[in-house]
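Take a look at the structure below.
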Amino acid sequence: MIELAWLIPLFPALGVVINGFFGTRYTRDNAGHIASLMAGLSFLVVLGIASEMIFGSGGTHTIHLWDWISAGKFSVSIAFLIDPLSTIMLLVVSGVGFLVHVYSVGYLQGDPGYPRFFTYLNLFMLSMFLLVLGDNYLLMFVGWEGVGLCSYLLIGFWYEKKSASDAGKKAFIVNRIGDAGFLLGMFMIWILTDSLTYSEVFQAAPNMTAAGATAIGLLLFIGAAGKSAQIPLYVWLPDAMEGPTPVSALIHAATMVTAGVYMVARTSPIYAMGPGALEVIAIVGAVTAFFAASIGLVQNDIKRVLAYSTVSQLGFMFIALGVGAYATAIFHLMTHAFFKGLMFLGSGSVIHSLHHAPVEQQQDMRYMGGLKSKLPITYWTFVIGALAIAGIPPLAGFWSKDEILANAFFTGHYFIWGLGTAAAFMTAFYMFRLIFMTFHGEMRVDHHAREYIHESPYSMTVPLIILAVLSVVGGIIPGFPLEGGWIHSFLAPSLAKGGAGGHAASEAVQFVRVAVESGGGHEGPTAIILIILAIAIAVGGIALAWFMYMRNPAVPDDLASRFPGLHRLLLNKYYIDEIYEACIIKPIYRLMNSLWSFDANVVDGAVNGASLVTLVSSRFSGIFDLKTVDGAVNGIASMTKFFSQVFKFIQSGMVQNYLFVMLLGIFMMLSAYLFR
Amino acid sequence: MVSLTHYLALGAIVFVIGAAGVLMRRNAIIILMSIELMLNSVNITLVGFSRQWGDMTGQVFAIFIITVAAAEAAVGLAILVSLNRDRTALNVDEVNLLKW
Amino acid sequence: MELLFFYMFSAGIIGASLLMVTRANVIHAALLLVLTFFFMSGIFILAGAEFLAVVQVLLYAGGIMVLYLFSIMLMNVEVSVRLRQYHRQSFFAVAASLILIFEVWTVLGRGGSYPAFKGFSWQLGATPGNVEALGSVLYTKYLFPFEVASILLLAAMIGAIVLAKRTIDR
């Protein structure tokens, strides 16, 4: 089965060809079914491979298809790598991807761009598979750029809407900044190891200097920060909510944004050599988790809350990476894909049911409320997702999030642990704020839209139910007991063992494991206290949300009026967009303007000035001597004529003249070689 | 004994003949044929290198060049056929739409 | 002996191609180009590239040149024979070409540090020989460029059809 890995990207590629070329004319209404079938077939192949990897021998397999680039020392092949890490990623990508495909069949029914949407969606799956499966950095980069492109296309899917097309451009440009870092990192890897293939690079990694490894690590992290929306490059993700909701679920929650996490985990042998880069990652992750969660507290758009929550959860994953707990990061990536995908699809279901409401109210939680009885399936699945993300045991989020915080604590990153715990508290709070505002209380929906509210069709609710089940069991099955779960031993062959330079992540893992299993040792009580604290924080967040939005709804407004500055700061997302506007975009505009004015004033001025000088001098000489006037005017005219005759040949429009100039170029190069 | 220099010299001579043909003729078809000649001169050099190194890569690339030449001939001749519809003679120096 | 044949073929190539670029009649030029290609396939055989030699005859002399001759038949060639044949810049072109040849000659005359002659491991005409060696490289190491080349041919085919179609219906 493993040898058939090439089938995984092939099916979506087929879907792209079918829907891309024949979509508008032939497959129109069946485009969704074709695309879902292709995603489903890929998922089946992935299931087969995964069962072989999990229940069989495991190990690392390379499926070499053909050589791609081969020039001197530099050689890159199209080859797929199947190892535990890529198996987990494949399961998440194809599983959640398939469910989102099915969901979209119902969600986008009747949209004029229906076949186009599914073409993009399949193209996205193809790129994501390439990203995950590639056995070298260049192939990963191909997938990386591919998902970036698809993200742009899908965010701007409703391109008639200016905000959507702007958001698409913003995502693309911000991602390009990150990609530049990735490219530079790739160049450095090539310089230091003479290869881009993972196995060869990681073999050479232990010989790297700390400075080299740190530089590579930081450059790659710039790429990861762009794609996985970390400070300072996270600004595109909240705006990306302009896209259709299934896109937000698939790309901006479950798969693409986790590409950065995957890349850092994949590169773990290099990061092990450059611990400085890991410190930076941990701090950036913690700060991102905290900031994004605090912005999420006050947002009113249902999808924006989820978007900031995603940024915050990605921050958690980077905390885990930064403290050297790579397996935990991947574990959280997986559980997050389940519950965040679930909640995005659930919010899509809510928005779908409100599509008779005025456009600006469809996503605004202030115009919802009381939807619990109307949308029972959506409600209950959403609650499961929210409980999971809040970290209530035994749901999925508890296992992964608690491992992250415990790892941060036991590696001595108390500050990061504090930020993470605060973010966890806020997460529980804003998630239940969202639930109470949307589903409980009195109904605030527009009167005309009320009678149209209905539960979504089966193609939308079934994916919700499946994801809800996964959110329940997806944590405990691979993650029990804490730090000793199956997922750690499964992923261990793919990842570096802890960190080399002072990163005692593996020791920390030992502490927690011992603590949980025996309850003894001097670290034991601390670990148990941490777990109890985590649960208490989650419950506390939920209780506070209940108190503020159910028990005593006046409290939020009261707080907002008591701390107007803080409230405004949060509501405007710390003014980050405005700061970027003022510090980066404005200066660039100003630079362009000054260049333009240089052109307009200096260059044109010189030209105009020259003619003015000619005019004045001819006038002067006319007064001085009539003969000289005639002479000068005629002289200038004939000189102009002469030069234009000469320069006319440069642009004759005839290809042969141009070719002749090319030949002269060859002649000069040879001469330079001869007389050097 | 034929040395690599022989092949390189022959390739260079044929290349320059082709280049001169491209530059001095007015008839578009002959210009296309001269381009074929230039492409083939490169094949001669590649085959010469391939022989010297005992490596097949040069011959593989020669095959790719033949492929490109076939594509070029097909598209180039198609352009000439459509150009021939509104002109009687295919003289390249009468076509100067590249001038702006 | 090898040297003798090399010079014979080279003389043939140079002579035929010189005639080719100077003929007024397009059909004569095309036939001379075919002759050039035949001589070139001789050179290829001398260099141990048997497969290329055959491809040269079959594909170039047989395929591409027939395409040329067909196109010539589609067009009106008699008119252009009576017209001026050379471009106005031809004097400069020839001068530049002569200088270029002289320069290349000088560069080659200086010699270079080539690796020692290796040649091929097979005998001319033996099995397994050139074709097998070529295939084993082309279909493994250069499989991807090979596939790309097929796409290129497809694109060229479609492009040629679109360009030569009489009317493009909108």
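Residue numbering restarts at 1 for every chain of the structure tokens, chains are lettered A, B, ... in their displayed order, and ligands are numbered from 1 as they appear.
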
Can you build me a table of chain B residues sitting at most 6 Å from chain C, with the closest atom pair per residue and its distance in Å to one decimal, using only C-alpha atoms, sorted by chain and residue number, as a Markdown table?
```
| residue | atom | partner | partner_atom | distance |
| --- | --- | --- | --- | --- |
| B:Met1 | CA | C:Leu3 | CA | 5.9 |
| B:Val2 | CA | C:Leu3 | CA | 5.6 |
| B:Gly21 | CA | C:Val21 | CA | 5.2 |
| B:Leu23 | CA | C:Ala93 | CA | 6.0 |
| B:Met24 | CA | C:Ser90 | CA | 4.2 |
| B:Arg25 | CA | C:Tyr86 | CA | 4.8 |
| B:Arg26 | CA | C:His87 | CA | 5.4 |
| B:Arg51 | CA | C:Gly119 | CA | 5.3 |
| B:Gln52 | CA | C:Phe117 | CA | 5.0 |
| B:Trp53 | CA | C:Lys118 | CA | 5.5 |
| B:Gly54 | CA | C:Gly119 | CA | 4.5 |
| B:Ala71 | CA | C:Ala156 | CA | 5.2 |
| B:Ala74 | CA | C:Ala160 | CA | 6.0 |
| B:Val75 | CA | C:Ala160 | CA | 4.8 |
| B:Ala78 | CA | C:Ala164 | CA | 5.0 |
| B:Ser82 | CA | C:Ala164 | CA | 5.4 |
| B:Ala89 | CA | C:Ser80 | CA | 5.5 |
```

Contact table chain A vs chain B, cut-off 9 Å, shortest pair per residue, only C-alpha atoms, as JSON lines:
```
{"residue": "A:Gln651", "atom": "CA", "partner": "B:Lys99", "partner_atom": "CA", "distance": 6.3}
{"residue": "A:Ser652", "atom": "CA", "partner": "B:Lys99", "partner_atom": "CA", "distance": 5.9}
{"residue": "A:Gly653", "atom": "CA", "partner": "B:Lys99", "partner_atom": "CA", "distance": 3.8}
{"residue": "A:Met654", "atom": "CA", "partner": "B:Asn96", "partner_atom": "CA", "distance": 4.9}
{"residue": "A:Val655", "atom": "CA", "partner": "B:Asn96", "partner_atom": "CA", "distance": 7.7}
{"residue": "A:Gln656", "atom": "CA", "partner": "B:Leu23", "partner_atom": "CA", "distance": 5.6}
{"residue": "A:Asn657", "atom": "CA", "partner": "B:Leu23", "partner_atom": "CA", "distance": 7.7}
{"residue": "A:Leu659", "atom": "CA", "partner": "B:Leu23", "partner_atom": "CA", "distance": 7.0}
{"residue": "A:Phe660", "atom": "CA", "partner": "B:Leu23", "partner_atom": "CA", "distance": 6.4}
{"residue": "A:Leu663", "atom": "CA", "partner": "B:Ala19", "partner_atom": "CA", "distance": 8.2}
```

Inset, instruction - Could you tell me which of A:Ile487, A:Met431, A:Leu375, A:Ala496 comes closest to Ile453 of chain A if we count only C-alpha atoms? - result: A:Leu375

Inset, instruction - Please return as a count of residues only: the residues of segment 9-96 of chain B that backbone DSSP assigns to alpha helix (DSSP H). - result: 69

At most 8 Å is the cut-off: for each residue in chain A with any atom that close to an atom of chain C, write down the nearest atom pair and the distance in Å rounded to one decimal, counting only C-alpha atoms, chain first then increasing number, as JSON lines.
```
{"residue": "A:Trp66", "atom": "CA", "partner": "C:Leu143", "partner_atom": "CA", "distance": 6.4}
{"residue": "A:Asp67", "atom": "CA", "partner": "C:Lys141", "partner_atom": "CA", "distance": 5.6}
{"residue": "A:Trp68", "atom": "CA", "partner": "C:Phe144", "partner_atom": "CA", "distance": 5.9}
{"residue": "A:Asn657", "atom": "CA", "partner": "C:Gln89", "partner_atom": "CA", "distance": 7.8}
{"residue": "A:Phe660", "atom": "CA", "partner": "C:Ala93", "partner_atom": "CA", "distance": 6.9}
{"residue": "A:Leu663", "atom": "CA", "partner": "C:Ala96", "partner_atom": "CA", "distance": 7.8}
{"residue": "A:Leu664", "atom": "CA", "partner": "C:Ala96", "partner_atom": "CA", "distance": 7.5}
{"residue": "A:Phe667", "atom": "CA", "partner": "C:Leu100", "partner_atom": "CA", "distance": 6.1}
{"residue": "A:Leu670", "atom": "CA", "partner": "C:Glu103", "partner_atom": "CA", "distance": 7.0}
{"residue": "A:Ser671", "atom": "CA", "partner": "C:Glu103", "partner_atom": "CA", "distance": 7.4}
{"residue": "A:Leu674", "atom": "CA", "partner": "C:Val107", "partner_atom": "CA", "distance": 6.8}
```

Legend entry - Surrounding residues of Ala357 of chain A excluding itself and chain neighbours under 6 positions, 8 Å, only C-alpha atoms, as a PyMOL selection string: chain A and resi 445-446+448-449

Go ahead and dump the residues you just picked, N, CA and C atoms, as a JSON list (two decimals), in the first residue's frame.
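Wrote again_39.json, looks like this:
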```
[["chain", "number", "residue", "atom", "x", "y", "z"],
["A", 445, "VAL", "N", -32.47, 37.99, 16.09],
["A", 445, "VAL", "CA", -32.37, 37.92, 14.64],
["A", 445, "VAL", "C", -33.42, 38.83, 14.01],
["A", 446, "ASP", "N", -33.08, 39.36, 12.85],
["A", 446, "ASP", "CA", -34.00, 40.19, 12.08],
["A", 446, "ASP", "C", -35.34, 39.47, 11.89],
["A", 448, "HIS", "N", -37.65, 39.39, 9.64],
["A", 448, "HIS", "CA", -37.97, 38.73, 8.37],
["A", 448, "HIS", "C", -37.25, 37.41, 8.21],
["A", 449, "ALA", "N", -36.09, 37.32, 8.83],
["A", 449, "ALA", "CA", -35.26, 36.13, 8.61],
["A", 449, "ALA", "C", -35.66, 35.00, 9.55]]
```

Legend entry - Residue set, segment 66-267 of chain A restricted to strand (DSSP E), as a VMD selection string: chain A and resid 66 to 71 74 to 82

For the residues selected in the previous step, produce a file with N, CA and C atoms as a CSV table (one decimal), in the first residue's frame.
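That gives us selection21.csv:
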```csv
chain,number,residue,atom,x,y,z
A,66,TRP,N,10.7,10.4,-9.9
A,66,TRP,CA,11.7,10.7,-11.0
A,66,TRP,C,12.5,11.8,-10.5
A,67,ASP,N,13.6,12.0,-11.3
A,67,ASP,CA,14.5,13.2,-11.0
A,67,ASP,C,13.8,14.4,-11.5
A,68,TRP,N,13.9,15.5,-10.7
A,68,TRP,CA,13.3,16.7,-11.2
A,68,TRP,C,14.3,17.7,-11.7
A,69,ILE,N,15.2,18.0,-10.9
A,69,ILE,CA,16.3,18.9,-11.3
A,69,ILE,C,17.6,18.2,-11.1
A,70,SER,N,18.5,18.2,-12.1
A,70,SER,CA,19.8,17.6,-11.9
A,70,SER,C,20.8,18.4,-12.6
A,71,ALA,N,21.6,19.2,-11.9
A,71,ALA,CA,22.6,20.1,-12.5
A,71,ALA,C,23.8,20.1,-11.6
A,74,PHE,N,23.8,19.7,-7.7
A,74,PHE,CA,22.5,20.0,-7.2
A,74,PHE,C,21.5,19.0,-7.9
A,75,SER,N,20.9,18.2,-7.0
A,75,SER,CA,19.9,17.3,-7.6
A,75,SER,C,18.7,17.2,-6.7
A,76,VAL,N,17.5,17.4,-7.3
A,76,VAL,CA,16.3,17.3,-6.5
A,76,VAL,C,15.4,16.3,-7.2
A,77,SER,N,14.8,15.4,-6.5
A,77,SER,CA,13.9,14.5,-7.2
A,77,SER,C,12.5,14.7,-6.7
A,78,ILE,N,11.6,14.2,-7.5
A,78,ILE,CA,10.2,14.2,-7.1
A,78,ILE,C,10.0,12.9,-6.4
A,79,ALA,N,10.1,12.9,-5.0
A,79,ALA,CA,10.0,11.7,-4.3
A,79,ALA,C,9.1,12.0,-3.0
A,80,PHE,N,8.4,10.9,-2.6
A,80,PHE,CA,7.5,11.1,-1.5
A,80,PHE,C,8.0,10.4,-0.3
A,81,LEU,N,7.9,11.0,0.8
A,81,LEU,CA,8.4,10.4,2.1
A,81,LEU,C,7.2,10.0,2.9
A,82,ILE,N,7.1,8.8,3.3
A,82,ILE,CA,6.1,8.3,4.2
A,82,ILE,C,6.8,7.9,5.5
```

Contact residues around Val257 of chain A with only C-alpha atoms at 8 Å, ignoring same-chain residues under 5 positions, as a PDB file with C-alpha atoms, in the first residue's frame:
```pdb
ATOM      1  CA  LYS A 227       1.994  30.724   6.821  1.00  0.00           C
ATOM      2  CA  SER A 228       0.967  29.894  10.378  1.00  0.00           C
ATOM      3  CA  ALA A 229      -0.026  33.451  11.251  1.00  0.00           C
ATOM      4  CA  ILE A 251      -7.433  26.222   5.033  1.00  0.00           C
ATOM      5  CA  HIS A 252      -7.416  28.739   7.823  1.00  0.00           C
ATOM      6  CA  LEU A 314      -1.239  28.167  16.563  1.00  0.00           C
TER       7      LEU A 314
END
```

Legend entry - Residue nearest Phe124 of chain A - candidates A:Met256, A:Ile191, A:Met669, A:Val633, atoms counted: only C-alpha atoms: A:Met256

Inset, instruction - Name the residues in contact with Ser41 of chain B at a cut-off of 8 Å, using only C-alpha atoms, excluding same-chain residues fewer than 2 positions from it; report them as a ChimeraX atom specification. - result: /B:10-12,14-15,37-39,43-45

With C-alpha atoms retained, write the just-selected residues as a compact mmCIF listing (two decimals), in the first residue's frame.
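Contents of the output file out28.txt:
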```txt
# COMPACT_ATOMS: atom_id res chain seq x y z
CA LEU B 10 32.75 22.47 -36.99
CA GLY B 11 29.90 23.43 -34.67
CA ALA B 12 31.09 27.03 -34.53
CA VAL B 14 27.94 25.89 -38.92
CA PHE B 15 26.50 28.12 -36.21
CA LEU B 37 20.96 24.99 -38.97
CA MET B 38 21.99 26.90 -35.84
CA LEU B 39 20.17 24.43 -33.61
CA ASN B 43 23.82 19.28 -31.56
CA ILE B 44 27.25 18.77 -33.12
CA THR B 45 28.96 20.35 -30.12
```

Inset, instruction - Name the residues in contact with Ala210 of chain A at a cut-off of 6 Å, using only C-alpha atoms, excluding same-chain residues fewer than 4 positions from it; report them as a ChimeraX atom specification. - result: /A:214,273-274

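In this comparison, which uses only C-alpha atoms, the residue of A:Met365, A:Ala408, A:Ile576, A:Val92 approaching Ile435 of chain A most closely is A:Met365.
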
Legend entry - One-decimal distance in Å that lies between atom CA of Asn593 of chain A and atom CA of Leu612 of chain A: 26.2 Å

Inset, instruction - Quick one: pull the distance between atom CA of Trp417 of chain A and atom CA of Ile404 of chain A, Å, one decimal. - result: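 These two atoms are separated by 8.8 Å.
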
Inset, instruction - Name all residues at most 7 Å from Leu153 of chain A (count only C-alpha atoms; drop same-chain ones fewer than 4 positions away) and give them as a ChimeraX atom specification. - result: /A:149,157,168
